[in-house]
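Structure file protein.pdb (PDB, C-alpha atoms, pLDDT in the B column) is printed below.
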ATOM      1  CA  MET L   1      91.141  69.507 155.850  1.00 67.00           C
ATOM      2  CA  ILE L   2      90.539  73.139 154.869  1.00 78.00           C
ATOM      3  CA  SER L   3      87.420  74.652 156.498  1.00 91.00           C
ATOM      4  CA  LYS L   4      84.483  75.866 154.421  1.00 92.00           C
ATOM      5  CA  GLN L   5      85.081  79.405 155.699  1.00 91.00           C
ATOM      6  CA  ASN L   6      88.721  79.290 154.524  1.00 93.00           C
ATOM      7  CA  GLN L   7      87.677  77.864 151.141  1.00 94.00           C
ATOM      8  CA  LEU L   8      85.122  80.631 150.729  1.00 92.00           C
ATOM      9  CA  SER L   9      87.563  83.341 151.815  1.00 92.00           C
ATOM     10  CA  LYS L  10      90.146  82.114 149.274  1.00 93.00           C
ATOM     11  CA  LEU L  11      87.504  81.958 146.547  1.00 92.00           C
ATOM     12  CA  ASN L  12      86.322  85.486 147.358  1.00 90.00           C
ATOM     13  CA  GLU L  13      89.907  86.788 147.261  1.00 89.00           C
ATOM     14  CA  LEU L  14      90.350  85.257 143.785  1.00 90.00           C
ATOM     15  CA  MET L  15      87.078  86.842 142.730  1.00 87.00           C
ATOM     16  CA  LYS L  16      88.277  90.299 143.770  1.00 86.00           C
ATOM     17  CA  ASN L  17      91.005  90.068 141.121  1.00 84.00           C
ATOM     18  CA  CYS L  18      88.606  89.120 138.313  1.00 82.00           C
ATOM     19  CA  SER L  19      88.545  91.409 135.275  1.00 81.00           C
ATOM     20  CA  GLN L  20      86.825  89.145 132.735  1.00 83.00           C
ATOM     21  CA  CYS L  21      84.153  91.648 131.744  1.00 83.00           C
ATOM     22  CA  SER L  22      83.886  95.386 131.121  1.00 83.00           C
ATOM     23  CA  LEU L  23      82.009  96.000 134.387  1.00 85.00           C
ATOM     24  CA  ARG L  24      85.241  95.684 136.401  1.00 85.00           C
ATOM     25  CA  SER L  25      86.810  98.769 134.848  1.00 82.00           C
ATOM     26  CA  GLY L  26      83.761 100.885 135.683  1.00 83.00           C
ATOM     27  CA  CYS L  27      83.175  99.862 139.289  1.00 88.00           C
ATOM     28  CA  THR L  28      85.082 100.521 142.506  1.00 89.00           C
ATOM     29  CA  GLN L  29      85.479  96.870 143.498  1.00 92.00           C
ATOM     30  CA  VAL L  30      84.187  93.326 143.083  1.00 91.00           C
ATOM     31  CA  VAL L  31      81.527  92.451 145.683  1.00 94.00           C
ATOM     32  CA  PRO L  32      81.807  88.664 146.214  1.00 94.00           C
ATOM     33  CA  GLY L  33      79.302  88.136 149.035  1.00 95.00           C
ATOM     34  CA  ALA L  34      79.123  88.007 152.824  1.00 95.00           C
ATOM     35  CA  GLY L  35      77.980  85.774 155.649  1.00 96.00           C
ATOM     36  CA  SER L  36      78.518  82.308 157.032  1.00 96.00           C
ATOM     37  CA  ALA L  37      80.116  79.541 154.979  1.00 96.00           C
ATOM     38  CA  ASP L  38      77.950  77.133 157.011  1.00 95.00           C
ATOM     39  CA  ALA L  39      74.718  78.950 156.128  1.00 97.00           C
ATOM     40  CA  LYS L  40      71.623  76.805 155.597  1.00 96.00           C
ATOM     41  CA  ILE L  41      70.139  79.617 153.484  1.00 98.00           C
ATOM     42  CA  LEU L  42      71.854  81.381 150.596  1.00 98.00           C
ATOM     43  CA  PHE L  43      70.203  84.587 149.407  1.00 98.00           C
ATOM     44  CA  ILE L  44      71.104  85.587 145.856  1.00 98.00           C
ATOM     45  CA  GLY L  45      70.373  89.064 144.568  1.00 96.00           C
ATOM     46  CA  GLU L  46      71.046  90.679 141.218  1.00 94.00           C
ATOM     47  CA  ALA L  47      74.067  93.016 141.280  1.00 94.00           C
ATOM     48  CA  PRO L  48      75.754  95.476 143.640  1.00 93.00           C
ATOM     49  CA  GLY L  49      74.363  99.012 143.780  1.00 91.00           C
ATOM     50  CA  LYS L  50      76.200 102.268 144.489  1.00 92.00           C
ATOM     51  CA  LYS L  51      76.518 101.731 148.251  1.00 92.00           C
ATOM     52  CA  GLU L  52      77.530  98.072 147.856  1.00 93.00           C
ATOM     53  CA  ASP L  53      80.188  99.077 145.333  1.00 93.00           C
ATOM     54  CA  GLU L  54      81.600 101.662 147.758  1.00 93.00           C
ATOM     55  CA  ILE L  55      81.659  99.389 150.814  1.00 94.00           C
ATOM     56  CA  GLY L  56      82.317  96.006 149.142  1.00 93.00           C
ATOM     57  CA  MET L  57      79.384  94.245 150.832  1.00 94.00           C
ATOM     58  CA  PRO L  58      76.067  93.088 149.339  1.00 95.00           C
ATOM     59  CA  PHE L  59      72.745  94.625 150.411  1.00 94.00           C
ATOM     60  CA  VAL L  60      73.950  97.547 152.517  1.00 92.00           C
ATOM     61  CA  GLY L  61      71.689 100.293 151.120  1.00 87.00           C
ATOM     62  CA  ALA L  62      67.965 100.850 151.702  1.00 90.00           C
ATOM     63  CA  ALA L  63      67.081  97.405 150.259  1.00 91.00           C
ATOM     64  CA  GLY L  64      69.631  95.868 152.628  1.00 93.00           C
ATOM     65  CA  LYS L  65      67.999  97.543 155.629  1.00 94.00           C
ATOM     66  CA  PHE L  66      64.644  96.106 154.557  1.00 94.00           C
ATOM     67  CA  LEU L  67      66.250  92.671 154.118  1.00 95.00           C
ATOM     68  CA  ASP L  68      67.675  92.932 157.664  1.00 96.00           C
ATOM     69  CA  GLU L  69      64.199  93.871 158.917  1.00 95.00           C
ATOM     70  CA  MET L  70      62.683  90.784 157.278  1.00 96.00           C
ATOM     71  CA  LEU L  71      65.461  88.541 158.612  1.00 97.00           C
ATOM     72  CA  GLY L  72      64.609  89.879 162.078  1.00 97.00           C
ATOM     73  CA  ILE L  73      60.953  88.906 161.577  1.00 96.00           C
ATOM     74  CA  ILE L  74      62.037  85.241 161.156  1.00 97.00           C
ATOM     75  CA  ASN L  75      64.685  85.457 163.923  1.00 96.00           C
ATOM     76  CA  LEU L  76      67.719  85.315 161.666  1.00 96.00           C
ATOM     77  CA  LYS L  77      70.815  87.479 161.581  1.00 95.00           C
ATOM     78  CA  ARG L  78      73.071  88.210 158.617  1.00 94.00           C
ATOM     79  CA  GLU L  79      75.883  86.255 160.272  1.00 94.00           C
ATOM     80  CA  GLU L  80      73.758  83.086 160.036  1.00 96.00           C
ATOM     81  CA  ILE L  81      73.035  83.301 156.310  1.00 97.00           C
ATOM     82  CA  TYR L  82      75.063  84.025 153.188  1.00 97.00           C
ATOM     83  CA  ILE L  83      74.236  86.778 150.688  1.00 97.00           C
ATOM     84  CA  ALA L  84      75.650  86.992 147.166  1.00 97.00           C
ATOM     85  CA  ASN L  85      74.621  88.322 143.749  1.00 96.00           C
ATOM     86  CA  VAL L  86      74.453  86.756 140.290  1.00 95.00           C
ATOM     87  CA  CYS L  87      76.632  89.636 139.072  1.00 95.00           C
ATOM     88  CA  LYS L  88      79.614  90.566 141.238  1.00 94.00           C
ATOM     89  CA  CYS L  89      80.337  94.066 139.878  1.00 91.00           C
ATOM     90  CA  ARG L  90      78.093  97.137 139.777  1.00 92.00           C
ATOM     91  CA  PRO L  91      76.598  97.851 136.343  1.00 90.00           C
ATOM     92  CA  PRO L  92      76.797 101.525 135.244  1.00 87.00           C
ATOM     93  CA  GLN L  93      74.016 103.740 136.673  1.00 84.00           C
ATOM     94  CA  ASN L  94      72.652 100.664 138.505  1.00 83.00           C
ATOM     95  CA  ARG L  95      71.187  99.301 135.280  1.00 89.00           C
ATOM     96  CA  ASP L  96      70.082  95.653 135.205  1.00 86.00           C
ATOM     97  CA  PRO L  97      72.935  93.184 134.695  1.00 89.00           C
ATOM     98  CA  LEU L  98      73.104  91.858 131.120  1.00 88.00           C
ATOM     99  CA  PRO L  99      72.787  88.109 130.447  1.00 91.00           C
ATOM    100  CA  GLU L 100      76.408  87.929 129.258  1.00 91.00           C
ATOM    101  CA  GLU L 101      77.613  89.652 132.460  1.00 89.00           C
ATOM    102  CA  ILE L 102      75.666  87.187 134.590  1.00 92.00           C
ATOM    103  CA  ALA L 103      77.119  84.322 132.511  1.00 92.00           C
ATOM    104  CA  ILE L 104      80.689  85.539 133.110  1.00 92.00           C
ATOM    105  CA  CYS L 105      80.064  85.615 136.879  1.00 93.00           C
ATOM    106  CA  TRP L 106      78.333  82.206 136.912  1.00 94.00           C
ATOM    107  CA  PRO L 107      81.485  80.112 137.665  1.00 94.00           C
ATOM    108  CA  TRP L 108      82.133  82.294 140.735  1.00 94.00           C
ATOM    109  CA  LEU L 109      78.573  81.923 142.015  1.00 96.00           C
ATOM    110  CA  LEU L 110      78.578  78.186 141.287  1.00 96.00           C
ATOM    111  CA  ALA L 111      81.810  77.784 143.279  1.00 95.00           C
ATOM    112  CA  GLN L 112      80.237  79.697 146.192  1.00 96.00           C
ATOM    113  CA  ILE L 113      77.152  77.450 146.111  1.00 96.00           C
ATOM    114  CA  LYS L 114      79.285  74.289 146.005  1.00 95.00           C
ATOM    115  CA  THR L 115      81.364  75.500 148.952  1.00 95.00           C
ATOM    116  CA  ILE L 116      78.436  76.602 151.141  1.00 96.00           C
ATOM    117  CA  GLN L 117      76.086  73.728 150.155  1.00 95.00           C
ATOM    118  CA  PRO L 118      72.942  75.538 151.356  1.00 97.00           C
ATOM    119  CA  LYS L 119      69.725  73.691 152.119  1.00 96.00           C
ATOM    120  CA  LEU L 120      67.771  76.493 150.440  1.00 98.00           C
ATOM    121  CA  ILE L 121      68.615  79.108 147.823  1.00 98.00           C
ATOM    122  CA  VAL L 122      66.399  82.187 148.017  1.00 98.00           C
ATOM    123  CA  THR L 123      66.430  84.213 144.815  1.00 98.00           C
ATOM    124  CA  LEU L 124      65.823  87.951 145.225  1.00 97.00           C
ATOM    125  CA  GLY L 125      64.411  89.515 142.083  1.00 94.00           C
ATOM    126  CA  LYS L 126      63.853  88.583 138.461  1.00 93.00           C
ATOM    127  CA  HIS L 127      67.471  88.315 137.289  1.00 93.00           C
ATOM    128  CA  SER L 128      68.454  86.038 140.143  1.00 95.00           C
ATOM    129  CA  MET L 129      65.407  83.820 139.589  1.00 96.00           C
ATOM    130  CA  GLU L 130      66.008  83.606 135.826  1.00 94.00           C
ATOM    131  CA  ARG L 131      69.554  82.289 136.382  1.00 93.00           C
ATOM    132  CA  PHE L 132      68.091  79.153 137.993  1.00 94.00           C
ATOM    133  CA  LEU L 133      64.459  79.058 136.857  1.00 94.00           C
ATOM    134  CA  PRO L 134      64.513  80.547 133.345  1.00 92.00           C
ATOM    135  CA  CYS L 135      61.104  79.249 132.262  1.00 90.00           C
ATOM    136  CA  PHE L 136      59.099  81.043 134.937  1.00 93.00           C
ATOM    137  CA  ARG L 137      57.718  84.498 135.638  1.00 94.00           C
ATOM    138  CA  ILE L 138      58.385  85.924 139.092  1.00 94.00           C
ATOM    139  CA  SER L 139      54.737  86.978 139.457  1.00 94.00           C
ATOM    140  CA  GLU L 140      53.738  83.301 139.127  1.00 94.00           C
ATOM    141  CA  VAL L 141      56.350  81.643 141.336  1.00 95.00           C
ATOM    142  CA  HIS L 142      57.161  84.092 144.133  1.00 96.00           C
ATOM    143  CA  GLY L 143      56.557  82.498 147.520  1.00 96.00           C
ATOM    144  CA  LYS L 144      56.848  78.950 146.146  1.00 95.00           C
ATOM    145  CA  ALA L 145      59.605  76.436 146.877  1.00 96.00           C
ATOM    146  CA  MET L 146      60.795  74.355 143.919  1.00 95.00           C
ATOM    147  CA  ARG L 147      63.301  71.544 143.615  1.00 94.00           C
ATOM    148  CA  ARG L 148      65.335  71.742 140.415  1.00 93.00           C
ATOM    149  CA  GLU L 149      68.342  69.971 138.976  1.00 91.00           C
ATOM    150  CA  ILE L 150      70.945  72.516 137.858  1.00 88.00           C
ATOM    151  CA  GLU L 151      73.903  71.528 135.725  1.00 85.00           C
ATOM    152  CA  GLY L 152      77.089  71.608 137.779  1.00 84.00           C
ATOM    153  CA  MET L 153      75.336  71.625 141.145  1.00 85.00           C
ATOM    154  CA  GLY L 154      72.781  68.819 141.137  1.00 88.00           C
ATOM    155  CA  LYS L 155      69.406  68.994 142.887  1.00 92.00           C
ATOM    156  CA  GLN L 156      68.662  72.129 144.858  1.00 95.00           C
ATOM    157  CA  ILE L 157      65.605  73.711 146.465  1.00 96.00           C
ATOM    158  CA  PHE L 158      64.870  77.278 145.355  1.00 97.00           C
ATOM    159  CA  TYR L 159      62.505  79.827 146.830  1.00 98.00           C
ATOM    160  CA  THR L 160      61.691  82.918 144.788  1.00 97.00           C
ATOM    161  CA  LEU L 161      61.066  86.357 146.276  1.00 97.00           C
ATOM    162  CA  TYR L 162      60.607  89.793 144.805  1.00 96.00           C
ATOM    163  CA  HIS L 163      63.665  91.992 145.196  1.00 94.00           C
ATOM    164  CA  PRO L 164      63.556  94.064 148.428  1.00 94.00           C
ATOM    165  CA  ALA L 165      64.293  97.230 146.387  1.00 91.00           C
ATOM    166  CA  ALA L 166      61.022  96.778 144.463  1.00 89.00           C
ATOM    167  CA  ALA L 167      59.098  96.747 147.730  1.00 88.00           C
ATOM    168  CA  LEU L 168      60.597 100.028 148.954  1.00 87.00           C
ATOM    169  CA  TYR L 169      58.351 102.052 146.644  1.00 84.00           C
ATOM    170  CA  ASN L 170      55.313  99.795 146.552  1.00 87.00           C
ATOM    171  CA  GLY L 171      53.336  99.152 149.744  1.00 85.00           C
ATOM    172  CA  SER L 172      51.397  96.131 148.451  1.00 90.00           C
ATOM    173  CA  MET L 173      54.596  94.475 147.199  1.00 92.00           C
ATOM    174  CA  ARG L 174      56.170  95.106 150.591  1.00 93.00           C
ATOM    175  CA  GLU L 175      53.328  93.176 152.242  1.00 94.00           C
ATOM    176  CA  THR L 176      53.656  90.365 149.700  1.00 96.00           C
ATOM    177  CA  LEU L 177      57.401  90.136 150.285  1.00 96.00           C
ATOM    178  CA  ILE L 178      57.027  90.018 154.070  1.00 96.00           C
ATOM    179  CA  LYS L 179      54.319  87.352 153.763  1.00 96.00           C
ATOM    180  CA  ASP L 180      56.521  85.244 151.440  1.00 97.00           C
ATOM    181  CA  PHE L 181      59.545  85.789 153.677  1.00 97.00           C
ATOM    182  CA  LYS L 182      57.664  84.478 156.725  1.00 97.00           C
ATOM    183  CA  ARG L 183      57.316  81.092 154.995  1.00 97.00           C
ATOM    184  CA  ILE L 184      61.090  80.495 154.956  1.00 98.00           C
ATOM    185  CA  PRO L 185      61.290  78.840 158.425  1.00 97.00           C
ATOM    186  CA  LYS L 186      58.513  76.401 157.437  1.00 96.00           C
ATOM    187  CA  ILE L 187      60.378  75.473 154.253  1.00 97.00           C
ATOM    188  CA  ILE L 188      63.620  74.882 156.187  1.00 96.00           C
ATOM    189  CA  ALA L 189      61.708  72.752 158.732  1.00 95.00           C
ATOM    190  CA  LYS L 190      60.199  70.689 155.905  1.00 94.00           C
ATOM    191  CA  ILE L 191      63.625  70.179 154.295  1.00 93.00           C
ATOM    192  CA  LYS L 192      65.027  68.953 157.646  1.00 89.00           C
ATOM    193  CA  THR L 193      62.066  66.555 158.058  1.00 89.00           C
ATOM    194  CA  GLU L 194      62.619  65.143 154.552  1.00 86.00           C
ATOM    195  CA  GLU L 195      66.314  64.558 155.330  1.00 81.00           C
ATOM    196  CA  LYS L 196      65.538  62.365 158.365  1.00 72.00           C
TER     197      LYS L 196
END
Target format structure tokens, applied to this file:
Amino acid sequence: MISKQNQLSKLNELMKNCSQCSLRSGCTQVVPGAGSADAKILFIGEAPGKKEDEIGMPFVGAAGKFLDEMLGIINLKREEIYIANVCKCRPPQNRDPLPEEIAICWPWLLAQIKTIQPKLIVTLGKHSMERFLPCFRISEVHGKAMRREIEGMGKQIFYTLYHPAAALYNGSMRETLIKDFKRIPKIIAKIKTEEK
């Protein structure tokens, strides 16, 4: 039986050779994701930025440092979670990923989710949230856990957060994000209780 980590590594290698959309020709490399294949929590951001595109890892710039800081607040390390993006290649000038670009990357993300089988998916930012919860506004649902049935993956619990990059330039949003982030352990504990 092939391990989850091996499955994920093979999937990510396949992803690195993807050239289904125009973004691939304009970026340095595909950024599949990073972390543990046995993660209970899957964080999903929007798209790689300049630094991520250079290094090949998600969330390694200033927003990544803030994410690491928040993980530390709830006693988690990157090695214990998994981080991916809805769009696997950097859009030009760090613009927002287009709906059609996100759609092209969806089979890759879906395969990652099915391999990892997280207890909780934490969406980081509007574009990540809209992929799973298209009928909501982030200002209304941030900091709330929701169970949704998603075609191709079944029932899943989602938790919406503002993107860490947005909080870098806005002190009040930073406080909101930290407050929402601190609820994650309680949500995981509740999920475990419900499974018993």
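Rounded to one decimal, CA of Asn6 in chain L and CA of Lys51 in chain L lie 26.3 Å from each other.
Nearest residue to Pro92 in chain L among L:Asn17, L:Ser128, L:Thr115, L:Ser22 is L:Ser22, counting only C-alpha atoms.
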Checklist entry - Which residues come within 10 Å of Ala34 in chain L, counting all atoms listed in the file, excluding same-chain residues fewer than 2 positions away, as a count of residues only? => result 17
Next on the checklist: Is it possible to get the residues within 7 Å of (77.4, 86.4, 138.2) (coordinates as in the file, counting all atoms listed in the file) written as a PyMOL selection string?
Outcome noted: chain L and resi 85-88+101-106+108-109
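In this model, the gap between CA of Pro164 in chain L and CA of Leu67 in chain L comes to 6.4 Å.
Among the candidates L:Pro99, L:Gly143, L:Gly33, L:Gly64, the residue lying nearest to Gln112 in chain L is L:Gly33 (atoms considered: only C-alpha atoms).
Atom pair CA of Leu11 in chain L / CA of Gln156 in chain L has a distance of 21.3 Å (rounded to one decimal).
Remark: for Asp68 in chain L, the closest of the candidate residues L:Asp53, L:Asp38, L:Met15, L:Glu80 is L:Glu80 (distances computed over all atoms listed in the file).
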Hits of the PyMOL selection byres ((chain L and resi 74) around 9) in this structure, as an mmCIF file with C-alpha atoms, in the frame of the given file:
data_model
loop_
_atom_site.group_PDB
_atom_site.id
_atom_site.type_symbol
_atom_site.label_atom_id
_atom_site.label_comp_id
_atom_site.auth_asym_id
_atom_site.auth_seq_id
_atom_site.Cartn_x
_atom_site.Cartn_y
_atom_site.Cartn_z
ATOM 1 C CA MET L 70 62.683 90.784 157.278
ATOM 2 C CA LEU L 71 65.461 88.541 158.612
ATOM 3 C CA GLY L 72 64.609 89.879 162.078
ATOM 4 C CA ILE L 73 60.953 88.906 161.577
ATOM 5 C CA ASN L 75 64.685 85.457 163.923
ATOM 6 C CA LEU L 76 67.719 85.315 161.666
ATOM 7 C CA PHE L 181 59.545 85.789 153.677
ATOM 8 C CA LYS L 182 57.664 84.478 156.725
ATOM 9 C CA ARG L 183 57.316 81.092 154.995
ATOM 10 C CA ILE L 184 61.090 80.495 154.956
ATOM 11 C CA PRO L 185 61.290 78.840 158.425
#
Next on the checklist: Within 12 Å of (85.4, 99.1, 136.9) in the file's own coordinates, which protein, DNA or RNA residues have an atom, counting all atoms listed in the file? List them as a list in words.
Outcome noted: Lys16, Asn17, Cys18, Ser19, Gln20, Cys21, Ser22, Leu23, Arg24, Ser25, Gly26, Cys27, Thr28, Gln29, Val30, Val31, Asp53, Glu54, Lys88, Cys89, Arg90, Pro91 and Pro92 of chain L
Selected residues written out with C-alpha atoms, as a compact mmCIF listing (two decimals), in the frame of the given file:
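The resulting out-v5.txt:
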# COMPACT_ATOMS: atom_id res chain seq x y z
CA LYS L 16 88.28 90.30 143.77
CA ASN L 17 91.00 90.07 141.12
CA CYS L 18 88.61 89.12 138.31
CA SER L 19 88.54 91.41 135.28
CA GLN L 20 86.82 89.14 132.74
CA CYS L 21 84.15 91.65 131.74
CA SER L 22 83.89 95.39 131.12
CA LEU L 23 82.01 96.00 134.39
CA ARG L 24 85.24 95.68 136.40
CA SER L 25 86.81 98.77 134.85
CA GLY L 26 83.76 100.88 135.68
CA CYS L 27 83.18 99.86 139.29
CA THR L 28 85.08 100.52 142.51
CA GLN L 29 85.48 96.87 143.50
CA VAL L 30 84.19 93.33 143.08
CA VAL L 31 81.53 92.45 145.68
CA ASP L 53 80.19 99.08 145.33
CA GLU L 54 81.60 101.66 147.76
CA LYS L 88 79.61 90.57 141.24
CA CYS L 89 80.34 94.07 139.88
CA ARG L 90 78.09 97.14 139.78
CA PRO L 91 76.60 97.85 136.34
CA PRO L 92 76.80 101.52 135.24
Next on the checklist: Need to verify the contact set: Asn94 in chain L, 9 Å, all atoms listed in the file, exclusion of same-chain residues closer than 4 positions in sequence. Can you return it as a list of chain:residue names?
Outcome noted: L:Ala47, L:Pro48, L:Gly49, L:Lys50, L:Arg90
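Shortest atom-to-atom contact with Leu110 in chain L among L:Ile150, L:Leu14, L:Ala166, L:Leu98: L:Ile150, counting all atoms listed in the file.
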Contacts of Lys155 in chain L within 12 Å, all atoms listed in the file, excl. fewer than 2 positions in-chain, as a PDB file with C-alpha atoms, in the coordinates of the input:
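Result went into selection-v8.pdb, see below:
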ATOM      1  CA  ILE L 113      77.152  77.450 146.111  1.00 96.00           C
ATOM      2  CA  LYS L 114      79.285  74.289 146.005  1.00 95.00           C
ATOM      3  CA  GLN L 117      76.086  73.728 150.155  1.00 95.00           C
ATOM      4  CA  PRO L 118      72.942  75.538 151.356  1.00 97.00           C
ATOM      5  CA  LYS L 119      69.725  73.691 152.119  1.00 96.00           C
ATOM      6  CA  LEU L 120      67.771  76.493 150.440  1.00 98.00           C
ATOM      7  CA  ILE L 121      68.615  79.108 147.823  1.00 98.00           C
ATOM      8  CA  PHE L 132      68.091  79.153 137.993  1.00 94.00           C
ATOM      9  CA  MET L 146      60.795  74.355 143.919  1.00 95.00           C
ATOM     10  CA  ARG L 147      63.301  71.544 143.615  1.00 94.00           C
ATOM     11  CA  ARG L 148      65.335  71.742 140.415  1.00 93.00           C
ATOM     12  CA  GLU L 149      68.342  69.971 138.976  1.00 91.00           C
ATOM     13  CA  ILE L 150      70.945  72.516 137.858  1.00 88.00           C
ATOM     14  CA  GLU L 151      73.903  71.528 135.725  1.00 85.00           C
ATOM     15  CA  GLY L 152      77.089  71.608 137.779  1.00 84.00           C
ATOM     16  CA  MET L 153      75.336  71.625 141.145  1.00 85.00           C
ATOM     17  CA  ILE L 157      65.605  73.711 146.465  1.00 96.00           C
ATOM     18  CA  PHE L 158      64.870  77.278 145.355  1.00 97.00           C
TER      19      PHE L 158
END
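Within the file as shown, the PyMOL selection byres ((chain L and resi 138) around 10) identifies Leu124, Gly125, Lys126, His127, Met129, Glu130, Leu133, Pro134, Cys135, Phe136, Arg137, Ser139, Glu140, Val141, His142, Gly143, Thr160, Leu161 and Tyr162 of chain L.
Ranking L:Arg131, L:Arg95, L:Lys40, L:His163 by their shortest atom-to-atom distance to Ile178 in chain L, with only C-alpha atoms included, puts L:His163 first.
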